[in-house]
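> Before anything else, here's the structure in question.
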Amino acid sequence: MARVLDGTPDMAAVLRAFSAVMAHFEALRTLYPGSADGRPRAVVVASGVLQVDEYASEVPPANDELSALTLRLAVPGFAPDDLPLRAAVVTVDGRPTHIALSVHHFSADTTAARILAERLARLAADPGADLGAGWQPRQIASFEASPSGLRHAHRVDIHDRAMLRQSAMPELQMPASHGDAVYNFVCLDSTAVALAAAGLAKQYRTSVAAVLQAAYASALAEHLGIVTCVFNTVMANRQTTSARAAVAHIAGRVLVPVDTSLGGDRFPALSRAVDATLVKSSSVSLREPDRYARALDEASAELGRSADNPYVVNIRPIEPRTLIRARAEGARQDLERAMASSRYGRFPKTVDAYSGKLCFVVWDMTETAGISLGTDATSFDATDLERILRSFESRLVGAAIRGHAARSGSFAGP
């Protein structure tokens with residue numbers, strides 16, 4: 001994760017921010033050396049040294065340069081007894097302008113890095129800023145061992161086992177060699193998606209995430225020739241303070257089925273059904289990793305194939321106040337004009353972390369929706385991925401246009 005720094009902090013302020021964040025987030029001081037039985041054990045250190053590298057630049061770095069820097073921080077990999085954070089500061093004329101982070105943990109990801117980057121940037125600009133309360137790994141472990149935690153784990157385990165047995169989706173091919181894997185990554189920047197999703201969510205009285213997932217499920221189901229899609233959905237509650245700010249070892253994925261065969265009033269009903277499923281699933285999205293691994297192994301043995309669902313949906317938190325609102329006047333023309341300006345980009349690259357999974361990620365939802373779809377080239381080529389994204393966009397825009405026409409009293413075709 002790379003982030004521009006707010007204001008004009010000096011290097012001392014940035015380093016103080018790093019020190020405060022390391023002191024606050026226990027997970028960043030948690031090491032996992034191997035024990036006598038070969039299993040990792042958590043060891044929290046009270047203090048230590050974090051090396052923060054400085055990269056001097058004559059001009060503010062471009063996005064691809066920042067991306068290359070974050071990848072450099074992640075290679076070679078972290079050892080079990082390394083601090084799970086690597087960091088760098090980019091300076092221009094001696095002034096810090098950007099920070100770059102690479103976070104490694106059992107369940108840490110770009111969301112965790114994003115949370116840390118926000119905290120670091122805020123503290124660098126305002127040393128007195130409040131980091132807020134967040135569960136620490138030992139607090140979470142204490143909850144998991146408590147009567148309430150054990151009851152919760154049992155309830156989640158029952159849900160997981162039931163879902164794993166019925167979640168088989170078309171398998172994706174694994175590359176013969178991870179070293180030779182090519183990961184097709186197609187990105188969409190679309191004002192039309194932001195307009196349509198905001199308007200439809202308001203019209204259907206449902207969440208934007210549900211509208212987006214319903215449209216993606218419809219597009220993917222048509223492409224695969226199936227009716228029901230089951231997604232490993234990354235639940236929004238993993239990004240709340242209590243669940244994710246501690247960069248804790250909580251798995252935040254839930255299997256969410258989406259039946260695209262709903263009749264008549266199909267897309268509104270589908271969006272509401274997805275929303276109801278997401279709300280229901282949120283109560284079982286915090287799970288104990290070892291218990292889930294056992295359920296996955298047993299379900300795989302019953303199915304005779306891996307029960308690990310490779311179809312992943314990750315819709316980042318959407319702030320309602322940042323969404324643009326579809327205007328009643330001229331909405332159809334706005335949507336059609338916006339859709340014509342959508343930008344698609346293809347980025348084939350060698351990445352083995354995502355081989356064998358199809359990942360749909362909505363990383364931004366403000367004036368323009370930022371969306372990506374990617375998987376290994378042995379399963380889908382870039383043309384397939386772009387076709388799915390274009391179908392996703394056209395379904396959303398078509399539903400929004402039909403909804404506007406119906407509200408204005410004009411005829412809306414099927």
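The way I read the labels, and the way they are meant: chains A, B, ... in the order of the structure tokens, residue 1 as the first residue of every chain, and ligand 1 as the first ligand shown, with later ones counted on from there.
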Please provide as a PyMOL selection string all residues within 7 Å of stretch 146-159 of chain A, with the sequence filter that same-chain residues fewer than 6 positions apart are discarded (counting only C-alpha atoms).
chain A and resi 284+287-288+292
> Tell me which protein, DNA and RNA residues are within 8 Å of A:Ala400, counting only C-alpha atoms, leaving out same-chain ones fewer than 6 positions away, and put them as a list in words.
Ala196, Ala197, Gly199 and Leu200 of chain A
> Between A:Arg119, A:Arg29, A:Lys357, A:Arg205, single out the one closest to A:Arg272, counting only C-alpha atoms.
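Checking each candidate against A:Arg272, we get A:Arg205 as the closest.
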> Neighbouring residues of A:Glu118 were defined as those with any atom within 10 Å, considering only C-alpha atoms; residues of the same chain fewer than 5 positions away were excluded. Please report them as number ranges by chain.
A: 3-6, 113, 123-124, 131
> Go ahead and write the residues just picked, C-alpha atoms, as a short mmCIF file (atom, residue, chain, number, x, y, z; two decimals), in the first residue's frame.

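Written out: again-v7.cif:
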data_model
loop_
_atom_site.label_atom_id
_atom_site.label_comp_id
_atom_site.auth_asym_id
_atom_site.auth_seq_id
_atom_site.Cartn_x
_atom_site.Cartn_y
_atom_site.Cartn_z
CA ARG A 3 -0.29 6.70 0.24
CA VAL A 4 0.38 10.38 -0.24
CA LEU A 5 1.06 12.28 2.98
CA ASP A 6 -1.32 15.06 3.97
CA ALA A 113 -2.11 -1.91 5.01
CA LEU A 123 -0.54 11.12 12.78
CA ALA A 124 2.18 12.62 10.58
CA LEU A 131 -5.95 6.28 16.79
#
> Need the shell around A:Asp160: protein/DNA/RNA residues with any atom at most 12 Å away, counting only C-alpha atoms. Skip same-chain ones fewer than 6 positions apart. Format as a PyMOL selection string?
chain A and resi 153-154+166-167+232+253-256+281+284-289+291-299+307-309
> I need the residues from that last selection saved to file as a compact mmCIF listing (two decimals), in the first residue's frame (with N, CA, C and O atoms), if you can.

# COMPACT_ATOMS: atom_id res chain seq x y z
N ALA A 153 -18.08 -19.70 17.75
CA ALA A 153 -17.29 -20.56 16.87
C ALA A 153 -18.09 -21.79 16.44
O ALA A 153 -18.01 -22.23 15.29
N HIS A 154 -18.86 -22.35 17.36
CA HIS A 154 -19.68 -23.52 17.03
C HIS A 154 -20.74 -23.16 16.00
O HIS A 154 -20.97 -23.90 15.03
N GLN A 166 -22.37 -27.37 -0.36
CA GLN A 166 -23.20 -26.99 -1.51
C GLN A 166 -22.59 -25.87 -2.34
O GLN A 166 -23.25 -25.29 -3.20
N SER A 167 -21.30 -25.58 -2.10
CA SER A 167 -20.72 -24.40 -2.73
C SER A 167 -19.91 -24.69 -3.98
O SER A 167 -19.24 -23.81 -4.49
N ASN A 232 -16.87 -16.50 -2.36
CA ASN A 232 -16.16 -16.20 -1.13
C ASN A 232 -16.21 -14.68 -0.98
O ASN A 232 -15.41 -13.96 -1.58
N ARG A 253 -13.95 -14.12 5.40
CA ARG A 253 -14.66 -14.50 4.17
C ARG A 253 -15.85 -15.38 4.49
O ARG A 253 -15.78 -16.26 5.34
N VAL A 254 -16.93 -15.15 3.79
CA VAL A 254 -18.16 -15.92 3.99
C VAL A 254 -18.65 -16.39 2.64
O VAL A 254 -18.64 -15.65 1.66
N LEU A 255 -19.08 -17.65 2.57
CA LEU A 255 -19.66 -18.17 1.33
C LEU A 255 -21.08 -17.62 1.18
O LEU A 255 -21.94 -17.85 2.03
N VAL A 256 -21.29 -16.89 0.11
CA VAL A 256 -22.59 -16.25 -0.14
C VAL A 256 -23.15 -16.76 -1.47
O VAL A 256 -22.57 -16.50 -2.53
N SER A 281 -25.18 -13.20 6.67
CA SER A 281 -23.86 -13.81 6.68
C SER A 281 -22.88 -13.04 7.57
O SER A 281 -21.91 -13.62 8.06
N VAL A 284 -21.72 -14.49 10.86
CA VAL A 284 -20.85 -15.66 10.92
C VAL A 284 -19.56 -15.44 10.15
O VAL A 284 -18.92 -16.38 9.69
N SER A 285 -19.14 -14.20 10.02
CA SER A 285 -17.96 -13.92 9.20
C SER A 285 -16.68 -13.86 10.02
O SER A 285 -15.61 -13.70 9.46
N LEU A 286 -16.77 -13.97 11.34
CA LEU A 286 -15.57 -14.02 12.17
C LEU A 286 -15.38 -15.47 12.60
O LEU A 286 -16.20 -16.02 13.32
N ARG A 287 -14.31 -16.09 12.15
CA ARG A 287 -14.16 -17.51 12.41
C ARG A 287 -12.76 -17.84 12.94
O ARG A 287 -11.84 -17.05 12.81
N GLU A 288 -12.68 -19.00 13.55
CA GLU A 288 -11.40 -19.49 14.07
C GLU A 288 -10.71 -20.28 12.95
O GLU A 288 -11.26 -21.27 12.46
N PRO A 289 -9.53 -19.84 12.50
CA PRO A 289 -8.93 -20.42 11.30
C PRO A 289 -8.73 -21.93 11.35
O PRO A 289 -8.97 -22.62 10.36
N ARG A 291 -10.38 -24.23 13.01
CA ARG A 291 -11.66 -24.93 12.90
C ARG A 291 -12.16 -24.90 11.45
O ARG A 291 -12.67 -25.88 10.93
N TYR A 292 -11.99 -23.75 10.80
CA TYR A 292 -12.42 -23.63 9.41
C TYR A 292 -11.59 -24.55 8.51
O TYR A 292 -12.10 -25.16 7.57
N ALA A 293 -10.29 -24.65 8.78
CA ALA A 293 -9.43 -25.53 7.98
C ALA A 293 -9.88 -26.98 8.09
O ALA A 293 -9.89 -27.71 7.10
N ARG A 294 -10.29 -27.41 9.29
CA ARG A 294 -10.78 -28.78 9.45
C ARG A 294 -12.07 -28.99 8.67
O ARG A 294 -12.25 -30.01 8.00
N ALA A 295 -12.98 -28.01 8.73
CA ALA A 295 -14.24 -28.12 7.99
C ALA A 295 -13.98 -28.18 6.49
O ALA A 295 -14.62 -28.93 5.75
N LEU A 296 -13.01 -27.39 6.02
CA LEU A 296 -12.67 -27.37 4.60
C LEU A 296 -12.10 -28.71 4.16
O LEU A 296 -12.47 -29.24 3.10
N ASP A 297 -11.22 -29.28 4.96
CA ASP A 297 -10.63 -30.59 4.62
C ASP A 297 -11.71 -31.67 4.55
O ASP A 297 -11.72 -32.50 3.63
N GLU A 298 -12.63 -31.68 5.52
CA GLU A 298 -13.66 -32.71 5.56
C GLU A 298 -14.65 -32.55 4.41
O GLU A 298 -15.07 -33.54 3.79
N ALA A 299 -15.01 -31.30 4.09
CA ALA A 299 -15.92 -31.06 2.96
C ALA A 299 -15.25 -31.45 1.64
O ALA A 299 -15.90 -32.00 0.74
N ALA A 307 -12.99 -28.03 -1.74
CA ALA A 307 -14.18 -27.23 -1.43
C ALA A 307 -13.82 -25.76 -1.25
O ALA A 307 -14.70 -24.95 -0.94
N ASP A 308 -12.55 -25.41 -1.43
CA ASP A 308 -12.13 -24.02 -1.31
C ASP A 308 -12.62 -23.26 -2.53
O ASP A 308 -12.11 -23.42 -3.64
N ASN A 309 -13.65 -22.45 -2.35
CA ASN A 309 -14.27 -21.76 -3.48
C ASN A 309 -13.34 -20.68 -4.03
O ASN A 309 -12.91 -19.79 -3.30
> Please, which residues of stretch 22-209 of chain A, numbered as in this document, come out helix (DSSP H, G or I) from DSSP, as a PyMOL selection string?
chain A and resi 22-24+26-29+63-73+110-125+137-145+147-165+178-180+191-204+208-209
> Would you please work out which residue, of A:Pro268, A:Gly77, A:Gly48, A:Pro61, is nearest to A:Val90 when using only C-alpha atoms?
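Of A:Pro268, A:Gly77, A:Gly48, A:Pro61, the one nearest A:Val90, counting only C-alpha atoms, is A:Pro61.
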> Might you pull out every residue within 12 Å of A:Ile315, with only C-alpha atoms counted and same-chain residues fewer than 5 positions away left off, and present them as an MDAnalysis selection string?
chainID A and resid 111 207:213 216 232:239 253 278 359:365 369:373
> So, with only C-alpha atoms as the atoms that count, which of A:Gln136, A:Cys229, A:Met1, A:Leu188 lies closest to A:Asn63?
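Counting only C-alpha atoms, the residue closest to A:Asn63 is A:Met1.
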> Determine, counting only C-alpha atoms, which protein, DNA and RNA residues have an atom within 12 Å of an atom of A:Val75; residues of the same chain fewer than 6 positions away are not included. Present the result as a ChimeraX atom specification.
/A:68-69,86,102-104
> Under the rule that only C-alpha atoms are counted, which of A:Thr366, A:Ser218, A:Ser342, A:Ser261 is the nearest residue to A:Ala194?
A:Thr366
> Calculate how many Å separate atom CA of A:Gln173 from atom CA of A:Asn314, rounding to one decimal.
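Interatomic distance here is 21.2 Å.
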> A:Lys280, A:Arg161, A:Arg395, A:Arg16: which is nearest A:Ala192, counting only C-alpha atoms?
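Counting only C-alpha atoms, the residue closest to A:Ala192 is A:Arg395.
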> Which residue gives the smallest distance to A:Val312 among A:Leu120, A:Ala125, A:Ala217, A:Val397, with only C-alpha atoms counted?
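Nearest to A:Val312: A:Ala217.
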> Would you work out the distance separating atom CA of A:Val52 from atom CA of A:Val89, expressed in Å to one decimal?
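These atoms are spaced 7.0 Å apart.
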> Can you list, as a list in words, all residues belonging to stretch 19-88 of chain A that DSSP tags as strand (DSSP E)?
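The strand (DSSP E) residues within stretch 19-88 of chain A come out as Thr30, Leu31, Val43, Val44, Val52, Asp53, Glu54, Tyr55, Ala56, Ser57, Leu85, Arg86, Ala87 and Ala88 of chain A.
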> Keeping N, CA, C and O atoms, export the residues of the selection given above as a PDB file, in the first residue's frame.

ATOM      1  N   THR A  30       3.882  -8.602  16.748  1.00  0.00           N
ATOM      2  CA  THR A  30       3.667 -10.026  16.990  1.00  0.00           C
ATOM      3  C   THR A  30       4.467 -10.844  15.987  1.00  0.00           C
ATOM      4  O   THR A  30       4.288 -10.705  14.779  1.00  0.00           O
ATOM      5  N   LEU A  31       5.350 -11.681  16.508  1.00  0.00           N
ATOM      6  CA  LEU A  31       6.159 -12.566  15.683  1.00  0.00           C
ATOM      7  C   LEU A  31       5.602 -13.979  15.778  1.00  0.00           C
ATOM      8  O   LEU A  31       4.919 -14.329  16.743  1.00  0.00           O
ATOM      9  N   VAL A  43       4.253 -14.486  19.488  1.00  0.00           N
ATOM     10  CA  VAL A  43       5.084 -13.872  20.515  1.00  0.00           C
ATOM     11  C   VAL A  43       5.023 -12.360  20.313  1.00  0.00           C
ATOM     12  O   VAL A  43       5.436 -11.853  19.264  1.00  0.00           O
ATOM     13  N   VAL A  44       4.488 -11.647  21.305  1.00  0.00           N
ATOM     14  CA  VAL A  44       4.381 -10.197  21.213  1.00  0.00           C
ATOM     15  C   VAL A  44       5.598  -9.573  21.880  1.00  0.00           C
ATOM     16  O   VAL A  44       5.884  -9.844  23.056  1.00  0.00           O
ATOM     17  N   VAL A  52      12.948   2.029   8.515  1.00  0.00           N
ATOM     18  CA  VAL A  52      12.162   2.791   7.538  1.00  0.00           C
ATOM     19  C   VAL A  52      13.127   3.360   6.508  1.00  0.00           C
ATOM     20  O   VAL A  52      13.947   4.233   6.830  1.00  0.00           O
ATOM     21  N   ASP A  53      13.075   2.848   5.298  1.00  0.00           N
ATOM     22  CA  ASP A  53      13.988   3.302   4.245  1.00  0.00           C
ATOM     23  C   ASP A  53      13.499   4.606   3.628  1.00  0.00           C
ATOM     24  O   ASP A  53      12.292   4.865   3.560  1.00  0.00           O
ATOM     25  N   GLU A  54      14.433   5.416   3.175  1.00  0.00           N
ATOM     26  CA  GLU A  54      14.097   6.651   2.469  1.00  0.00           C
ATOM     27  C   GLU A  54      14.481   6.518   1.005  1.00  0.00           C
ATOM     28  O   GLU A  54      15.590   6.086   0.679  1.00  0.00           O
ATOM     29  N   TYR A  55      13.558   6.894   0.148  1.00  0.00           N
ATOM     30  CA  TYR A  55      13.801   6.910  -1.302  1.00  0.00           C
ATOM     31  C   TYR A  55      13.649   8.352  -1.783  1.00  0.00           C
ATOM     32  O   TYR A  55      12.550   8.917  -1.734  1.00  0.00           O
ATOM     33  N   ALA A  56      14.742   8.947  -2.195  1.00  0.00           N
ATOM     34  CA  ALA A  56      14.726  10.335  -2.653  1.00  0.00           C
ATOM     35  C   ALA A  56      14.343  10.391  -4.126  1.00  0.00           C
ATOM     36  O   ALA A  56      14.806   9.586  -4.935  1.00  0.00           O
ATOM     37  N   SER A  57      13.484  11.344  -4.467  1.00  0.00           N
ATOM     38  CA  SER A  57      13.036  11.504  -5.848  1.00  0.00           C
ATOM     39  C   SER A  57      13.088  12.982  -6.215  1.00  0.00           C
ATOM     40  O   SER A  57      12.847  13.855  -5.367  1.00  0.00           O
ATOM     41  N   LEU A  85       5.891  -5.787   9.298  1.00  0.00           N
ATOM     42  CA  LEU A  85       5.725  -4.531   8.578  1.00  0.00           C
ATOM     43  C   LEU A  85       7.057  -4.098   7.999  1.00  0.00           C
ATOM     44  O   LEU A  85       8.082  -4.106   8.689  1.00  0.00           O
ATOM     45  N   ARG A  86       7.047  -3.749   6.716  1.00  0.00           N
ATOM     46  CA  ARG A  86       8.183  -3.079   6.090  1.00  0.00           C
ATOM     47  C   ARG A  86       7.690  -1.734   5.587  1.00  0.00           C
ATOM     48  O   ARG A  86       6.568  -1.619   5.108  1.00  0.00           O
ATOM     49  N   ALA A  87       8.548  -0.742   5.688  1.00  0.00           N
ATOM     50  CA  ALA A  87       8.079   0.609   5.392  1.00  0.00           C
ATOM     51  C   ALA A  87       9.159   1.425   4.699  1.00  0.00           C
ATOM     52  O   ALA A  87      10.359   1.187   4.878  1.00  0.00           O
ATOM     53  N   ALA A  88       8.699   2.390   3.906  1.00  0.00           N
ATOM     54  CA  ALA A  88       9.601   3.321   3.233  1.00  0.00           C
ATOM     55  C   ALA A  88       8.916   4.677   3.143  1.00  0.00           C
ATOM     56  O   ALA A  88       7.682   4.775   3.157  1.00  0.00           O
TER      57      ALA A  88
END
